[in-house]
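S.K.: So I've got this file, my_file37.pdb, and it contains PDB, C-alpha atoms, pLDDT in the B column:
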MODEL        1
ATOM      1  CA  MET X 267      -4.984 -14.997  -2.937  1.00 68.00           C
ATOM      2  CA  ILE X 268      -8.028 -12.702  -3.071  1.00 74.00           C
ATOM      3  CA  LYS X 269      -8.428 -12.944   0.695  1.00 81.00           C
ATOM      4  CA  LYS X 270      -4.751 -12.036   1.141  1.00 84.00           C
ATOM      5  CA  LEU X 271      -5.207  -8.943  -1.039  1.00 89.00           C
ATOM      6  CA  LYS X 272      -8.065  -7.864   1.225  1.00 91.00           C
ATOM      7  CA  TYR X 273      -5.616  -7.600   4.126  1.00 91.00           C
ATOM      8  CA  VAL X 274      -2.922  -5.971   1.998  1.00 91.00           C
ATOM      9  CA  PHE X 275      -5.355  -3.202   1.005  1.00 92.00           C
ATOM     10  CA  ALA X 276      -6.634  -2.941   4.594  1.00 92.00           C
ATOM     11  CA  LEU X 277      -3.022  -2.317   5.735  1.00 92.00           C
ATOM     12  CA  LYS X 278      -3.111  -5.108   8.326  1.00 92.00           C
ATOM     13  CA  CYS X 279      -0.317  -7.202   9.851  1.00 91.00           C
ATOM     14  CA  PRO X 280       0.668 -10.012   7.458  1.00 91.00           C
ATOM     15  CA  LYS X 281       1.198 -12.589  10.210  1.00 91.00           C
ATOM     16  CA  CYS X 282      -2.036 -12.304  12.212  1.00 88.00           C
ATOM     17  CA  ARG X 283      -4.040 -10.086   9.832  1.00 88.00           C
ATOM     18  CA  GLU X 284      -5.499  -8.186  12.773  1.00 88.00           C
ATOM     19  CA  GLY X 285      -2.930  -5.617  13.886  1.00 89.00           C
ATOM     20  CA  GLU X 286      -2.452  -2.277  12.169  1.00 91.00           C
ATOM     21  CA  LEU X 287       0.707  -1.601  10.123  1.00 91.00           C
ATOM     22  CA  PHE X 288       0.511   2.185  10.356  1.00 92.00           C
ATOM     23  CA  VAL X 289       0.067   4.510  13.321  1.00 91.00           C
ATOM     24  CA  ILE X 290      -2.408   6.683  11.406  1.00 88.00           C
ATOM     25  CA  ARG X 291      -4.731   4.824   9.034  1.00 85.00           C
ATOM     26  CA  ASN X 292      -5.333   7.890   6.862  1.00 87.00           C
ATOM     27  CA  PRO X 293      -2.414   8.224   4.390  1.00 86.00           C
ATOM     28  CA  TYR X 294      -3.557  11.716   3.432  1.00 88.00           C
ATOM     29  CA  LEU X 295      -2.344  13.103   6.753  1.00 86.00           C
ATOM     30  CA  LEU X 296       1.004  13.754   5.116  1.00 85.00           C
ATOM     31  CA  LYS X 297       2.941  14.597   8.298  1.00 84.00           C
ATOM     32  CA  LYS X 298       2.365  11.029   9.501  1.00 82.00           C
ATOM     33  CA  LEU X 299       2.760   9.308   6.109  1.00 83.00           C
ATOM     34  CA  ASN X 300       4.729   6.055   6.418  1.00 82.00           C
ATOM     35  CA  VAL X 301       4.873   6.133  10.221  1.00 87.00           C
ATOM     36  CA  MET X 302       4.597   2.477  11.109  1.00 90.00           C
ATOM     37  CA  HIS X 303       4.287   0.695  14.418  1.00 90.00           C
ATOM     38  CA  LYS X 304       7.527  -1.045  15.398  1.00 91.00           C
ATOM     39  CA  ASN X 305       5.679  -4.267  16.242  1.00 90.00           C
ATOM     40  CA  CYS X 306       2.197  -5.660  15.749  1.00 90.00           C
ATOM     41  CA  ASN X 307       0.060  -5.004  18.822  1.00 88.00           C
ATOM     42  CA  VAL X 308      -1.714  -8.383  18.373  1.00 87.00           C
ATOM     43  CA  CYS X 309       1.004 -10.938  17.517  1.00 87.00           C
ATOM     44  CA  GLY X 310       4.195  -8.976  18.252  1.00 86.00           C
ATOM     45  CA  LEU X 311       5.686  -9.287  14.726  1.00 88.00           C
ATOM     46  CA  LYS X 312       8.576  -6.881  14.215  1.00 90.00           C
ATOM     47  CA  TYR X 313       7.690  -4.976  11.019  1.00 89.00           C
ATOM     48  CA  SER X 314      11.123  -3.685  10.074  1.00 83.00           C
ATOM     49  CA  ARG X 315      13.008  -6.903   9.397  1.00 81.00           C
ATOM     50  CA  GLU X 316      16.390  -5.179   8.908  1.00 85.00           C
ATOM     51  CA  PRO X 317      17.703  -1.666   8.229  1.00 85.00           C
ATOM     52  CA  GLY X 318      16.501  -0.522   4.821  1.00 85.00           C
ATOM     53  CA  PHE X 319      13.923  -3.316   4.585  1.00 87.00           C
ATOM     54  CA  PHE X 320      11.283  -1.070   3.028  1.00 88.00           C
ATOM     55  CA  PHE X 321      13.545   0.315   0.271  1.00 91.00           C
ATOM     56  CA  GLY X 322      12.161  -2.455  -1.914  1.00 91.00           C
ATOM     57  CA  ALA X 323       8.692  -0.972  -1.493  1.00 92.00           C
ATOM     58  CA  ALA X 324       9.807   1.834  -3.823  1.00 93.00           C
ATOM     59  CA  TYR X 325       9.827  -0.674  -6.693  1.00 95.00           C
ATOM     60  CA  VAL X 326       6.324  -1.808  -5.766  1.00 95.00           C
ATOM     61  CA  SER X 327       5.202   1.818  -5.590  1.00 95.00           C
ATOM     62  CA  TYR X 328       6.649   2.494  -9.028  1.00 96.00           C
ATOM     63  CA  ALA X 329       4.847  -0.525 -10.507  1.00 96.00           C
ATOM     64  CA  LEU X 330       1.540   0.490  -8.907  1.00 96.00           C
ATOM     65  CA  GLN X 331       1.886   4.060 -10.211  1.00 96.00           C
ATOM     66  CA  VAL X 332       2.601   2.809 -13.740  1.00 96.00           C
ATOM     67  CA  LEU X 333      -0.414   0.467 -13.612  1.00 96.00           C
ATOM     68  CA  LEU X 334      -2.594   3.306 -12.347  1.00 96.00           C
ATOM     69  CA  ALA X 335      -1.367   5.661 -15.072  1.00 96.00           C
ATOM     70  CA  ILE X 336      -1.967   3.111 -17.834  1.00 96.00           C
ATOM     71  CA  ALA X 337      -5.408   2.165 -16.515  1.00 96.00           C
ATOM     72  CA  THR X 338      -6.443   5.805 -16.111  1.00 95.00           C
ATOM     73  CA  TYR X 339      -5.154   6.838 -19.520  1.00 94.00           C
ATOM     74  CA  PHE X 340      -6.859   3.997 -21.383  1.00 93.00           C
ATOM     75  CA  SER X 341     -10.080   4.324 -19.401  1.00 94.00           C
ATOM     76  CA  LEU X 342     -10.318   8.022 -20.176  1.00 93.00           C
ATOM     77  CA  SER X 343      -9.390   7.573 -23.824  1.00 92.00           C
ATOM     78  CA  LEU X 344     -11.921   4.779 -24.367  1.00 92.00           C
ATOM     79  CA  LEU X 345     -14.788   6.133 -22.269  1.00 91.00           C
ATOM     80  CA  SER X 346     -14.614   9.845 -23.029  1.00 88.00           C
ATOM     81  CA  LYS X 347     -14.197  12.161 -25.949  1.00 87.00           C
ATOM     82  CA  LEU X 348     -11.576  14.303 -24.232  1.00 88.00           C
ATOM     83  CA  SER X 349      -8.527  15.531 -26.073  1.00 91.00           C
ATOM     84  CA  VAL X 350      -5.180  13.862 -25.456  1.00 91.00           C
ATOM     85  CA  ASN X 351      -3.987  16.921 -23.508  1.00 93.00           C
ATOM     86  CA  TRP X 352      -6.919  16.689 -21.092  1.00 94.00           C
ATOM     87  CA  ILE X 353      -6.418  12.957 -20.707  1.00 93.00           C
ATOM     88  CA  PHE X 354      -2.774  13.543 -19.737  1.00 94.00           C
ATOM     89  CA  VAL X 355      -3.759  16.279 -17.283  1.00 95.00           C
ATOM     90  CA  LEU X 356      -6.429  14.112 -15.652  1.00 95.00           C
ATOM     91  CA  THR X 357      -4.111  11.099 -15.536  1.00 95.00           C
ATOM     92  CA  ALA X 358      -1.450  13.200 -13.797  1.00 95.00           C
ATOM     93  CA  LEU X 359      -4.052  14.521 -11.343  1.00 96.00           C
ATOM     94  CA  VAL X 360      -5.246  11.003 -10.495  1.00 96.00           C
ATOM     95  CA  MET X 361      -1.653   9.891  -9.955  1.00 95.00           C
ATOM     96  CA  ILE X 362      -0.886  12.853  -7.688  1.00 95.00           C
ATOM     97  CA  LEU X 363      -4.012  12.264  -5.622  1.00 96.00           C
ATOM     98  CA  ALA X 364      -3.325   8.524  -5.324  1.00 95.00           C
ATOM     99  CA  THR X 365       0.354   8.853  -4.363  1.00 94.00           C
ATOM    100  CA  PRO X 366      -0.071   8.894  -0.538  1.00 94.00           C
ATOM    101  CA  TYR X 367      -2.248   5.783  -0.578  1.00 94.00           C
ATOM    102  CA  ILE X 368       0.037   4.006  -3.048  1.00 95.00           C
ATOM    103  CA  THR X 369       3.008   4.844  -0.826  1.00 93.00           C
ATOM    104  CA  VAL X 370       1.557   3.052   2.195  1.00 93.00           C
ATOM    105  CA  LEU X 371       0.029   0.314   0.046  1.00 94.00           C
ATOM    106  CA  SER X 372       3.440  -0.493  -1.422  1.00 95.00           C
ATOM    107  CA  ARG X 373       4.847  -1.020   2.079  1.00 92.00           C
ATOM    108  CA  SER X 374       1.951  -3.329   2.835  1.00 93.00           C
ATOM    109  CA  PHE X 375       2.574  -5.330  -0.368  1.00 92.00           C
ATOM    110  CA  TRP X 376       6.297  -5.492   0.404  1.00 93.00           C
ATOM    111  CA  ILE X 377       5.926  -6.921   3.908  1.00 93.00           C
ATOM    112  CA  PHE X 378       3.282  -9.409   2.686  1.00 92.00           C
ATOM    113  CA  PHE X 379       5.875 -10.774   0.227  1.00 90.00           C
ATOM    114  CA  PHE X 380       8.113 -11.840   3.107  1.00 90.00           C
ATOM    115  CA  VAL X 381       5.830 -12.769   6.015  1.00 88.00           C
ATOM    116  CA  SER X 382       3.414 -15.699   5.967  1.00 86.00           C
ATOM    117  CA  TYR X 383       0.032 -15.845   7.664  1.00 86.00           C
ATOM    118  CA  ASP X 384      -0.089 -17.796  10.911  1.00 83.00           C
ATOM    119  CA  PRO X 385      -3.630 -18.034  12.370  1.00 76.00           C
ATOM    120  CA  ASN X 386      -2.272 -19.545  15.594  1.00 77.00           C
ATOM    121  CA  ASN X 387       0.206 -16.769  16.312  1.00 67.00           C
ATOM    122  CA  ARG X 388      -1.213 -14.733  19.177  1.00 62.00           C
ATOM    123  CA  ARG X 389       0.731 -12.963  21.859  1.00 57.00           C
ATOM    124  CA  VAL X 390      -0.334 -13.865  25.369  1.00 48.00           C
ATOM    125  CA  LYS X 391      -1.734 -10.789  27.121  1.00 47.00           C
TER     126      LYS X 391
ENDMDL
END
Let me see the file written as C-alpha cells.
M.R.:
Amino acid sequence: MIKKLKYVFALKCPKCREGELFVIRNPYLLKKLNVMHKNCNVCGLKYSREPGFFFGAAYVSYALQVLLAIATYFSLSLLSKLSVNWIFVLTALVMILATPYITVLSRSFWIFFFVSYDPNNRRVK
C-alpha cells in the first residue's frame, strides 16, 4: 500500500508505474493544469476510461482539501500561539496554495482506484 502511494504522489501510470499521467509535471503552471496524456507512453493504457471518468476525482479532491484544512488548523492551533483569526487566514492560504497539486493528485488517486498494477504489461516498441 505504501509503495502504491509513492506512485500516486509521483503522478505515474497505475498499470506500469513508469509512464507520466500529465503532460506537464508542474501543477502550478495553471494554463496546463489537468492536461493529461491520452495514453501511457510505456504500456499504452488509455487514461480516460469513459466520458466523464474523472468527475469522481472531484470527490477525492474535496476529501483531500478537508483533510488538509483540518490538519493545518489543528497543527497551527497546537504548535503556535496565534489567534484564531490568524489560524483561519493561514489555513486558507495553505489550502489556496495546495489546490493545484491537490487537483492533479485527486486524478491520480481516482485512476489508481480503478486500474491494477501489471509489472508484465509493456508495449512492444
S.K.: Taking (-8.1, 1.2, -0.2) in the file's own coordinates, collect the residues within 9 Å, counting all atoms listed in the file, and hand them back as number ranges by chain.
M.R.: X: 275-277, 367, 371
S.K.: Residues within 8 Å of Ala323 of chain X, please, as a PyMOL selection string. Count only C-alpha atoms; anything in the same chain fewer than 2 positions from it doesn't count.
M.R.: chain X and resi 320-321+325-327+372-373+375-376
S.K.: Excluding same-chain residues fewer than 3 positions from Val381 of chain X, what lies within 8 Å of it counting only C-alpha atoms, as a list in words?
M.R.: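 Using only C-alpha atoms, the neighbours found are Pro280, Lys281, Ile377 and Phe378 of chain X.
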S.K.: Just write the chosen residues, C-alpha atoms, as a PDB file, in the coordinates of the input.
M.R.:
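Listed below is the output, out14.pdb:
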ATOM      1  CA  PRO X 280       0.668 -10.012   7.458  1.00 91.00           C
ATOM      2  CA  LYS X 281       1.198 -12.589  10.210  1.00 91.00           C
ATOM      3  CA  ILE X 377       5.926  -6.921   3.908  1.00 93.00           C
ATOM      4  CA  PHE X 378       3.282  -9.409   2.686  1.00 92.00           C
TER       5      PHE X 378
END
S.K.: Quick check, in Å to one decimal: how far apart do atom CA of Lys298 of chain X and atom CA of Ser374 of chain X lie?
M.R.: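 For atom CA of Lys298 of chain X relative to atom CA of Ser374 of chain X, the distance reads 15.8 Å.
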S.K.: Would you work out the distance separating atom CA of Tyr328 of chain X from atom CA of Lys304 of chain X, expressed in Å to one decimal?
M.R.: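 According to the coordinates, atom CA of Tyr328 of chain X and atom CA of Lys304 of chain X are separated by 24.7 Å.
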S.K.: Do you know which residues the PyMOL selection byres ((chain X and resi 290-295) around 9) returns on this file, as a compact mmCIF listing (two decimals) with C-alpha atoms, in the coordinates of the input?
M.R.:
# COMPACT_ATOMS: atom_id res chain seq x y z
CA LEU X 277 -3.02 -2.32 5.74
CA GLU X 286 -2.45 -2.28 12.17
CA LEU X 287 0.71 -1.60 10.12
CA PHE X 288 0.51 2.18 10.36
CA VAL X 289 0.07 4.51 13.32
CA LEU X 296 1.00 13.75 5.12
CA LYS X 297 2.94 14.60 8.30
CA LYS X 298 2.37 11.03 9.50
CA LEU X 299 2.76 9.31 6.11
CA ASN X 300 4.73 6.06 6.42
CA VAL X 301 4.87 6.13 10.22
CA MET X 302 4.60 2.48 11.11
CA PRO X 366 -0.07 8.89 -0.54
CA TYR X 367 -2.25 5.78 -0.58
CA ILE X 368 0.04 4.01 -3.05
CA THR X 369 3.01 4.84 -0.83
CA VAL X 370 1.56 3.05 2.19
S.K.: Could you check the closest approach to Val274 of chain X for each of X:Asn305, X:Tyr383, X:Tyr339, X:Leu333 and tell me which residue wins, using only C-alpha atoms?
M.R.: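 Checking each of X:Asn305, X:Tyr383, X:Tyr339, X:Leu333 against Val274 of chain X, counting only C-alpha atoms, the winner is X:Tyr383.
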